[in-house]
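protein16.csv (CSV, C-alpha atoms) appears below.
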chain,number,residue,atom,x,y,z
A,1,MET,CA,92.8,148.6,98.5
A,2,ILE,CA,94.5,151.9,99.4
A,3,PRO,CA,92.9,154.5,97.2
A,4,VAL,CA,95.0,157.0,95.4
A,5,VAL,CA,92.4,159.7,96.2
A,6,LYS,CA,89.8,159.9,98.9
A,7,PRO,CA,87.5,163.0,99.4
A,8,THR,CA,86.8,163.6,103.1
A,9,LEU,CA,83.2,164.6,103.6
A,10,GLY,CA,81.4,164.4,106.9
A,11,ARG,CA,78.9,165.8,109.4
A,12,GLU,CA,80.1,169.4,109.0
A,13,GLU,CA,79.4,169.3,105.3
A,14,GLU,CA,76.0,167.6,105.8
A,15,ASP,CA,74.9,170.2,108.3
A,16,ALA,CA,76.1,173.0,106.1
A,17,VAL,CA,74.1,171.7,103.1
A,18,LEU,CA,71.0,171.2,105.2
A,19,ALA,CA,71.2,174.7,106.6
A,20,VAL,CA,71.3,176.1,103.0
A,21,LEU,CA,68.4,173.9,101.9
A,22,ARG,CA,66.3,174.9,104.9
A,23,SER,CA,67.0,178.6,104.3
A,24,GLY,CA,65.3,178.6,100.9
A,25,GLN,CA,68.3,180.4,99.4
A,26,ILE,CA,70.1,177.8,97.4
A,27,ALA,CA,71.3,179.7,94.3
A,28,GLN,CA,74.3,182.1,94.4
A,29,GLY,CA,73.9,184.0,97.7
A,30,ALA,CA,75.4,184.6,101.1
A,31,ARG,CA,77.4,181.4,101.3
A,32,VAL,CA,79.0,182.1,98.0
A,33,GLU,CA,79.9,185.6,99.1
A,34,GLU,CA,81.4,184.2,102.4
A,35,LEU,CA,83.5,181.7,100.5
A,36,GLU,CA,84.8,184.4,98.2
A,37,THR,CA,85.7,186.7,101.2
A,38,ARG,CA,87.4,183.9,103.1
A,39,PHE,CA,89.3,182.5,100.1
A,40,ALA,CA,90.6,185.9,99.1
A,41,ALA,CA,91.9,186.4,102.6
A,42,LEU,CA,93.5,182.9,102.6
A,43,VAL,CA,95.4,183.5,99.4
A,44,GLY,CA,96.2,187.1,100.0
A,45,THR,CA,94.2,188.9,97.3
A,46,ALA,CA,91.7,191.7,97.5
A,47,PHE,CA,89.0,189.8,95.6
A,48,ALA,CA,87.8,186.2,94.8
A,49,VAL,CA,85.0,185.3,92.4
A,50,ALA,CA,83.4,181.9,92.6
A,51,THR,CA,82.3,180.0,89.5
A,52,SER,CA,80.7,176.7,88.6
A,53,SER,CA,84.1,175.0,88.0
A,54,GLY,CA,87.8,175.5,87.8
A,55,THR,CA,87.5,175.4,84.0
A,56,ALA,CA,84.9,178.2,84.1
A,57,SER,CA,87.2,180.3,86.2
A,58,LEU,CA,90.0,179.9,83.6
A,59,HIS,CA,87.7,180.7,80.7
A,60,LEU,CA,86.2,183.8,82.3
A,61,ASN,CA,89.6,185.0,83.5
A,62,LEU,CA,91.0,184.9,80.0
A,63,LEU,CA,88.0,186.6,78.5
A,64,ALA,CA,88.2,189.3,81.2
A,65,HIS,CA,91.9,189.9,80.2
A,66,GLY,CA,90.7,190.5,76.6
A,67,VAL,CA,92.1,187.3,75.2
A,68,GLY,CA,90.2,186.4,72.0
A,69,PRO,CA,90.5,185.4,68.3
A,70,GLY,CA,94.0,186.1,66.8
A,71,ASP,CA,95.7,185.9,70.2
A,72,GLU,CA,98.1,183.2,71.4
A,73,VAL,CA,98.4,182.0,75.0
A,74,ILE,CA,101.5,179.9,76.0
A,75,THR,CA,100.7,177.0,78.4
A,76,SER,CA,101.8,173.6,79.4
A,77,PRO,CA,101.2,170.4,77.3
A,78,PHE,CA,101.5,168.3,80.5
A,79,THR,CA,98.3,169.0,82.3
A,80,PHE,CA,94.6,168.2,82.3
A,81,ILE,CA,93.1,169.3,78.9
A,82,ALA,CA,91.0,172.0,80.5
A,83,SER,CA,94.0,174.3,80.8
A,84,ALA,CA,94.4,174.5,77.0
A,85,ASN,CA,90.7,174.1,76.2
A,86,SER,CA,89.9,177.2,78.2
A,87,ILE,CA,92.1,179.1,75.7
A,88,LEU,CA,90.2,177.6,72.8
A,89,TYR,CA,86.9,178.7,74.3
A,90,THR,CA,87.9,182.3,73.8
A,91,GLY,CA,88.8,181.8,70.2
A,92,ALA,CA,92.5,182.2,70.9
A,93,ARG,CA,95.2,179.6,70.1
A,94,PRO,CA,97.1,177.6,72.8
A,95,VAL,CA,100.8,177.5,72.2
A,96,PHE,CA,102.6,174.7,74.0
A,97,ALA,CA,106.1,175.1,75.6
A,98,ASP,CA,108.0,172.2,77.0
A,99,ILE,CA,108.3,171.4,80.7
A,100,ASP,CA,111.1,171.4,83.2
A,101,PRO,CA,111.8,167.7,84.1
A,102,GLU,CA,112.6,168.7,87.7
A,103,ASP,CA,109.1,169.8,88.6
A,104,PHE,CA,106.9,168.9,85.5
A,105,ASN,CA,105.9,172.6,85.2
A,106,LEU,CA,106.5,175.0,82.3
A,107,ASP,CA,110.2,175.7,81.5
A,108,ALA,CA,110.8,179.4,81.5
A,109,LYS,CA,113.3,179.3,78.7
A,110,ALA,CA,111.0,177.3,76.6
A,111,VAL,CA,108.2,179.8,77.2
A,112,GLU,CA,110.3,182.7,76.1
A,113,ALA,CA,111.3,180.9,72.9
A,114,LYS,CA,107.5,180.6,72.0
A,115,ILE,CA,106.7,184.3,72.3
A,116,THR,CA,105.5,186.0,69.1
A,117,ASP,CA,103.7,189.3,68.3
A,118,LYS,CA,100.4,187.4,68.8
A,119,THR,CA,101.2,186.3,72.4
A,120,LYS,CA,98.7,187.8,74.8
A,121,ALA,CA,99.3,185.8,78.0
A,122,ILE,CA,101.2,183.0,79.8
A,123,LEU,CA,99.1,180.3,81.5
A,124,PRO,CA,101.4,178.4,83.9
A,125,VAL,CA,100.0,175.3,85.7
A,126,HIS,CA,101.1,174.5,89.2
A,127,LEU,CA,101.0,170.8,88.5
A,128,TYR,CA,100.4,168.3,91.3
A,129,GLY,CA,100.4,171.2,93.9
A,130,ASN,CA,104.1,172.2,93.2
A,131,PRO,CA,104.4,175.9,92.2
A,132,ALA,CA,105.7,176.7,88.7
A,133,ASN,CA,108.7,179.1,88.5
A,134,MET,CA,106.6,182.2,88.9
A,135,PRO,CA,109.5,184.7,89.5
A,136,ALA,CA,110.8,183.7,86.0
A,137,MET,CA,107.3,183.8,84.5
A,138,CYS,CA,106.6,187.2,85.9
A,139,ALA,CA,109.9,188.5,84.6
A,140,ILE,CA,109.2,187.3,81.1
A,141,ALA,CA,105.7,188.7,81.2
A,142,GLY,CA,106.9,192.0,82.4
A,143,LEU,CA,109.6,192.2,79.7
A,144,HIS,CA,107.1,191.4,76.9
A,145,GLY,CA,103.9,193.1,78.3
A,146,LEU,CA,102.0,189.8,78.8
A,147,ARG,CA,99.2,188.8,81.2
A,148,ILE,CA,99.7,186.0,83.7
A,149,VAL,CA,96.8,183.7,84.3
A,150,GLU,CA,97.7,181.0,86.8
A,151,ASP,CA,96.1,177.5,86.7
A,152,ALA,CA,96.2,176.7,90.4
A,153,ALA,CA,93.5,174.1,90.3
A,154,GLN,CA,95.7,171.6,92.2
A,155,ALA,CA,97.6,174.0,94.4
A,156,HIS,CA,95.5,175.4,97.2
A,157,GLY,CA,98.0,176.9,99.7
A,158,ALA,CA,101.1,176.4,97.6
A,159,ALA,CA,103.6,179.2,97.8
A,160,ILE,CA,107.0,180.6,96.8
A,161,ASN,CA,108.9,182.2,99.6
A,162,GLY,CA,105.7,182.8,101.5
A,163,GLN,CA,103.8,184.3,98.5
A,164,GLN,CA,100.8,182.1,97.6
A,165,VAL,CA,100.1,181.0,94.1
A,166,GLY,CA,97.1,182.8,92.7
A,167,THR,CA,98.7,186.2,93.6
A,168,PHE,CA,101.5,186.3,91.0
A,169,GLY,CA,98.9,186.9,88.3
A,170,ALA,CA,95.1,186.2,88.3
A,171,GLY,CA,94.7,182.8,89.9
A,172,ASN,CA,92.2,180.0,89.2
A,173,PHE,CA,91.4,177.2,91.7
A,174,SER,CA,89.2,174.1,91.5
A,175,PHE,CA,86.9,172.5,94.0
A,176,TYR,CA,86.4,169.3,92.0
A,177,PRO,CA,86.0,166.2,94.3
A,178,THR,CA,89.6,165.0,94.0
A,179,LYS,CA,91.2,168.3,94.8
A,180,ASN,CA,92.8,169.2,98.2
A,181,ILE,CA,89.5,170.6,99.2
A,182,THR,CA,86.2,170.2,97.4
A,183,ALA,CA,82.8,171.8,97.0
A,184,VAL,CA,81.7,168.8,95.1
A,185,GLU,CA,82.1,171.0,92.0
A,186,GLY,CA,83.1,174.7,91.6
A,187,GLY,CA,86.0,177.0,91.0
A,188,ILE,CA,87.3,180.4,92.2
A,189,LEU,CA,89.3,183.2,90.7
A,190,THR,CA,91.7,185.3,92.8
A,191,THR,CA,92.9,188.8,91.9
A,192,SER,CA,93.6,192.2,93.5
A,193,ASP,CA,92.4,193.9,90.3
A,194,ALA,CA,89.0,195.4,91.0
A,195,GLU,CA,88.1,195.9,87.4
A,196,LEU,CA,89.1,192.3,86.5
A,197,ALA,CA,87.0,190.9,89.4
A,198,GLU,CA,84.0,192.9,88.3
A,199,LYS,CA,84.3,191.8,84.7
A,200,VAL,CA,84.3,188.1,85.8
A,201,ARG,CA,81.3,188.7,88.1
A,202,ARG,CA,79.4,190.0,85.1
A,203,LEU,CA,80.6,187.3,82.7
A,204,ARG,CA,79.6,184.5,85.1
A,205,ASN,CA,76.0,185.9,85.4
A,206,HIS,CA,74.7,186.5,81.9
A,207,GLY,CA,76.6,189.8,81.6
A,208,GLN,CA,74.5,191.5,84.3
A,209,SER,CA,75.9,194.6,86.1
A,210,GLU,CA,72.7,194.6,88.1
A,211,ARG,CA,69.5,192.6,88.0
A,212,TYR,CA,68.1,192.5,84.4
A,213,ARG,CA,70.7,195.0,83.2
A,214,HIS,CA,72.8,193.1,80.7
A,215,GLU,CA,75.8,195.0,79.5
A,216,THR,CA,77.8,192.3,77.8
A,217,LEU,CA,77.4,188.8,76.5
A,218,GLY,CA,77.8,186.5,79.5
A,219,PHE,CA,77.3,183.0,80.7
A,220,ASN,CA,75.5,181.0,83.4
A,221,LEU,CA,78.6,179.9,85.3
A,222,ARG,CA,77.7,180.7,88.8
A,223,MET,CA,78.3,178.7,92.0
A,224,SER,CA,75.3,177.7,94.1
A,225,ASP,CA,75.1,178.3,97.9
A,226,VAL,CA,74.8,174.5,98.3
A,227,HIS,CA,78.3,174.0,96.8
A,228,ALA,CA,79.7,177.1,98.6
A,229,ALA,CA,78.5,175.7,102.0
A,230,ILE,CA,80.5,172.5,101.4
A,231,GLY,CA,83.5,174.5,100.3
A,232,LEU,CA,83.3,176.6,103.5
A,233,ALA,CA,83.3,173.5,105.7
A,234,GLN,CA,86.3,172.1,103.8
A,235,LEU,CA,88.1,175.4,104.0
A,236,ASN,CA,88.0,175.1,107.8
A,237,ARG,CA,90.2,172.0,107.5
A,238,LEU,CA,92.5,173.0,104.6
A,239,SER,CA,95.5,173.8,106.8
A,240,ASP,CA,95.1,170.4,108.6
A,241,TYR,CA,94.7,168.6,105.3
A,242,THR,CA,97.8,170.3,103.9
A,243,ARG,CA,99.9,169.5,106.9
A,244,LYS,CA,98.9,165.9,106.7
A,245,ARG,CA,99.7,165.7,103.0
A,246,GLN,CA,103.1,167.2,103.6
A,247,GLU,CA,103.8,164.8,106.5
A,248,ASN,CA,102.8,161.8,104.3
A,249,ALA,CA,105.0,163.1,101.5
A,250,ARG,CA,108.0,163.3,103.8
A,251,TYR,CA,107.4,159.7,104.9
A,252,LEU,CA,107.3,158.6,101.3
A,253,ASP,CA,110.4,160.7,100.4
A,254,GLN,CA,112.4,159.0,103.1
A,255,GLY,CA,111.0,155.5,102.5
A,256,LEU,CA,111.4,155.6,98.7
A,257,ALA,CA,114.8,157.3,98.6
A,258,GLY,CA,117.1,155.4,96.3
A,259,ALA,CA,114.4,153.2,94.9
A,260,VAL,CA,112.6,155.7,92.6
A,261,GLU,CA,112.8,159.4,91.6
A,262,THR,CA,110.6,161.2,94.2
A,263,PRO,CA,109.1,164.7,93.8
A,264,ARG,CA,111.6,167.6,93.7
A,265,VAL,CA,110.8,170.8,95.4
A,266,ALA,CA,112.9,173.9,94.9
A,267,PRO,CA,114.2,175.9,97.9
A,268,GLY,CA,111.6,178.3,99.2
A,269,TYR,CA,108.8,176.5,97.4
A,270,THR,CA,105.8,175.1,99.3
A,271,HIS,CA,104.4,171.9,97.6
A,272,VAL,CA,100.9,171.0,98.8
A,273,TYR,CA,101.0,167.5,97.3
A,274,HIS,CA,97.7,167.3,95.4
A,275,GLN,CA,99.5,164.3,94.0
A,276,TYR,CA,102.7,162.5,95.0
A,277,THR,CA,104.3,161.8,91.7
A,278,ILE,CA,107.3,159.4,91.1
A,279,ARG,CA,109.1,158.5,87.9
A,280,ILE,CA,109.5,155.0,86.7
A,281,PRO,CA,111.6,155.0,83.5
A,282,GLY,CA,112.4,152.2,81.1
A,283,GLY,CA,108.9,151.5,80.0
A,284,ARG,CA,108.0,149.8,83.3
A,285,ARG,CA,105.5,152.3,84.6
A,286,ASP,CA,102.3,150.6,83.5
A,287,ALA,CA,103.5,147.2,84.7
A,288,VAL,CA,104.4,148.6,88.1
A,289,ALA,CA,100.9,150.2,88.4
A,290,ILE,CA,99.2,146.9,87.6
A,291,ALA,CA,101.4,145.1,90.1
A,292,LEU,CA,100.7,147.7,92.8
A,293,ARG,CA,97.0,147.3,92.4
A,294,GLU,CA,97.3,143.5,92.7
A,295,ARG,CA,99.2,144.2,96.0
A,296,GLY,CA,96.5,146.5,97.3
A,297,VAL,CA,98.0,149.9,96.5
A,298,GLY,CA,96.1,152.2,94.2
A,299,SER,CA,97.9,154.6,91.8
A,300,ALA,CA,97.1,156.8,88.9
A,301,VAL,CA,98.8,158.3,85.8
A,302,HIS,CA,98.3,162.1,85.5
A,303,TYR,CA,98.7,162.5,82.5
A,304,PRO,CA,99.3,159.6,80.0
A,305,ILE,CA,98.8,161.7,76.9
A,306,PRO,CA,100.2,165.2,76.6
A,307,VAL,CA,97.6,167.8,75.4
A,308,HIS,CA,99.4,168.4,72.1
A,309,LYS,CA,99.1,164.6,71.4
A,310,GLN,CA,95.4,164.4,72.1
A,311,PRO,CA,93.2,163.6,69.1
A,312,LEU,CA,91.4,167.0,69.3
A,313,TYR,CA,94.7,168.8,69.0
A,314,LEU,CA,96.1,166.5,66.3
A,315,GLU,CA,93.0,167.2,64.3
A,316,MET,CA,93.7,170.9,64.6
A,317,GLY,CA,97.2,170.4,63.2
A,318,TYR,CA,99.4,170.4,66.3
A,319,ARG,CA,102.7,168.7,65.6
A,320,ASP,CA,104.9,170.0,68.4
A,321,ASN,CA,108.0,168.2,69.5
A,322,LEU,CA,108.0,168.5,73.3
A,323,PRO,CA,110.3,165.7,74.5
A,324,GLU,CA,110.2,166.4,78.2
A,325,ALA,CA,106.4,166.4,78.4
A,326,GLU,CA,106.3,163.3,76.2
A,327,ARG,CA,108.8,161.5,78.4
A,328,ALA,CA,107.0,162.5,81.6
A,329,ALA,CA,103.8,161.1,80.2
A,330,GLN,CA,105.4,157.7,79.9
A,331,GLU,CA,107.1,157.7,83.3
A,332,VAL,CA,105.0,159.4,86.0
A,333,LEU,CA,103.0,157.5,88.5
A,334,CYS,CA,101.0,159.1,91.3
A,335,LEU,CA,100.9,157.3,94.7
A,336,PRO,CA,98.4,157.9,97.5
A,337,VAL,CA,99.3,160.9,99.7
A,338,HIS,CA,95.8,162.0,100.9
A,339,PRO,CA,95.1,162.9,104.5
A,340,SER,CA,93.2,159.7,105.3
A,341,LEU,CA,96.2,157.5,105.0
A,342,THR,CA,97.2,155.6,108.1
A,343,GLU,CA,100.7,154.8,109.2
A,344,GLN,CA,100.1,151.2,108.1
A,345,ASP,CA,98.9,152.5,104.7
A,346,LEU,CA,102.2,154.4,104.3
A,347,GLU,CA,104.3,151.4,105.3
A,348,THR,CA,102.5,149.3,102.8
A,349,ILE,CA,103.0,151.8,100.0
A,350,VAL,CA,106.7,152.1,100.7
A,351,ARG,CA,107.2,148.3,101.0
A,352,GLU,CA,105.3,147.5,97.8
A,353,VAL,CA,106.9,150.2,95.7
A,354,ARG,CA,110.4,149.2,96.8
A,355,ALA,CA,109.6,145.6,96.1
A,356,LEU,CA,108.7,146.4,92.5
A,357,CYS,CA,111.2,149.1,91.7

Could I get this file's structure written as structure tokens?
Amino acid sequence: MIPVVKPTLGREEEDAVLAVLRSGQIAQGARVEELETRFAALVGTAFAVATSSGTASLHLNLLAHGVGPGDEVITSPFTFIASANSILYTGARPVFADIDPEDFNLDAKAVEAKITDKTKAILPVHLYGNPANMPAMCAIAGLHGLRIVEDAAQAHGAAINGQQVGTFGAGNFSFYPTKNITAVEGGILTTSDAELAEKVRRLRNHGQSERYRHETLGFNLRMSDVHAAIGLAQLNRLSDYTRKRQENARYLDQGLAGAVETPRVAPGYTHVYHQYTIRIPGGRRDAVAIALRERGVGSAVHYPIPVHKQPLYLEMGYRDNLPEAERAAQEVLCLPVHPSLTEQDLETIVREVRALC
């Protein structure tokens, strides 16, 4: 079976973890600080703040921006539920705008139509590793005085005209095992706002400004040095992983042209292919996924139920009509694109998808 995802962990990660364990410093320490410094340099921000997960990064980012009860944050309904739940954690209300069918990301016109006097921020998601339309989002935010909080959990290294995601607003990345690089678990916030970075540092560590001096209500959402050591080893290979994902995507683009709708990437946009996502219309998607598995090709549906249709949100009274998100949820299918694929794997994927579509 060709797996749809395959984390790549080896000797470098093993040695890094052992070094931390033998040092006796396994909580947040020097390795976390090094990861923060290197990730900020990679993205192009002055600061990065590591957290226990990508969800924690989003949650603390919103809190540090002053988002709370009575506020609204506009976000995508077509994403993992953590994007919206992080808004709920603050006491604010997620407001869903429909997506652009070209790239599955927030539609700028739909966002603008959802703005009210309660809107505090826009939370775009760079879904599947393809950047959202940040020039449009930033223009809207500037016009209405809104914050930008980027969910870049799947988009390490993605960019628009050379500017990396995570720099248009305050960015949030994930190191979950299936992401383009992993720390087994963890997240990181990127910003050039010194005050925001310091607020998040306090919030992740029980509200401490210094040891045993607690200035605000905080949380225990730190990253350990064990996780950071794995993340540092992975960071060394991010550019190679990204190049390989993009090469695999080009092969799939060429091989599947005319058979299915392949990912669309706008001019000047750098897609890092956390997922390679095709569309299969006509209610055939699930049958194709089953048939592919029988033929030895793994696939996945990200995401089969839009957030506004999840039981939790239906119970809260959400009744949005978001046709593009709902159609995408019925049609998308993610194919293997990870760096471990061989040429034979790619040939098999193309052959079997074409045979079924």

### Query
Ser52 in chain A: which residues within 9 Å, counting all atoms listed in the file, same-chain residues fewer than 2 positions away excluded, as a list of chain:residue names?
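Those residues are A:Ala50, A:Gly54, A:Thr55, A:Ala56, A:Ser57, A:Glu185, A:Gly186, A:Gly187, A:Ile188, A:Arg204, A:Asn220, A:Leu221, A:Arg222, A:Met223, A:Ser224, A:His227.
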
### Task
Compile the contact shell of Asp193 in chain A as a list in words: residues with an atom at most 10 Å away, counting all atoms listed in the file, same-chain residues fewer than 2 positions apart removed.
Thr45, Ala46, Phe47, Gly169, Ala170, Thr190, Thr191, Glu195, Leu196, Ala197 and Glu198 of chain A

### Query
Out of A:Val350, A:Val184, A:Ala325, A:Val288, which residue has the shortest atom-to-atom distance to Leu9 in chain A when counting all atoms listed in the file?
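Nearest to Leu9 in chain A: A:Val184.
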
### Query
Taking all atoms listed in the file into account, which of A:His206, A:His156, A:Arg351, A:Lys309 comes nearest Ala259 in chain A?
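Using all atoms listed in the file, Ala259 in chain A sits closest to A:Arg351.
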
### Task
Point out the residue among A:Ala141, A:Met316, A:Leu203, A:Ala249 with the least atom-to-atom distance to Val111 in chain A, counting all atoms listed in the file.
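Between A:Ala141, A:Met316, A:Leu203, A:Ala249, the residue approaching Val111 in chain A most closely is A:Ala141.
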
### Task
Name all residues at most 10 Å from Gly258 in chain A (count all atoms listed in the file; drop same-chain ones fewer than 5 positions away) and give them as a PyMOL selection string.
chain A and resi 253+354+357

### Query
Taking (104.1, 151.9, 77.5) in the file's coordinates, which residues come within 7 Å, counting all atoms listed in the file, written as a ChimeraX atom specification?
/A:283,286,330

### Task
Using all atoms listed in the file, determine which residues lie at most 12 Å from Arg264 in chain A, disregarding the query and same-chain residues fewer than 6 positions distant; provide the list as a PyMOL selection string.
chain A and resi 100-105+128-132+249-250+253+257+270-271+273+276-279

### Task
Excluding range 72-80 of chain A and residues on its chain fewer than 4 positions from it, collect all residues at most 6 Å away from it, counting only C-alpha atoms, and give them as a PyMOL selection string.
chain A and resi 92-97+106+118-124+306-308+325

### Query
Which is closest to Ser239 in chain A among A:Val272, A:Val265, A:Pro177, A:Gly171, if we use only C-alpha atoms?
A:Val272

### Message
Here is a test: counting all atoms listed in the file, which residue of A:Glu315, A:Glu331, A:Asp225, A:Glu294 is nearest to Glu34 in chain A?
### Response
A:Asp225

### Query
What gap, in Å, lies between CA of Lys199 in chain A and CA of Leu63 in chain A?
8.9 Å

### Task
Identify which of the residues A:Ala183, A:Ile305, A:Arg211, A:Ile87 lies closest to Glu326 in chain A, counting only C-alpha atoms when measuring atom-to-atom distances.
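The shortest atom-to-atom distance to Glu326 in chain A comes from A:Ile305.
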
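Our summary of the geometry notes that CA of Lys179 in chain A is positioned 25.9 Å from CA of Arg147 in chain A.
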
### Task
Could you check how far CA of Gln28 in chain A sits from CA of Val67 in chain A, in Å to one decimal?
26.7 Å
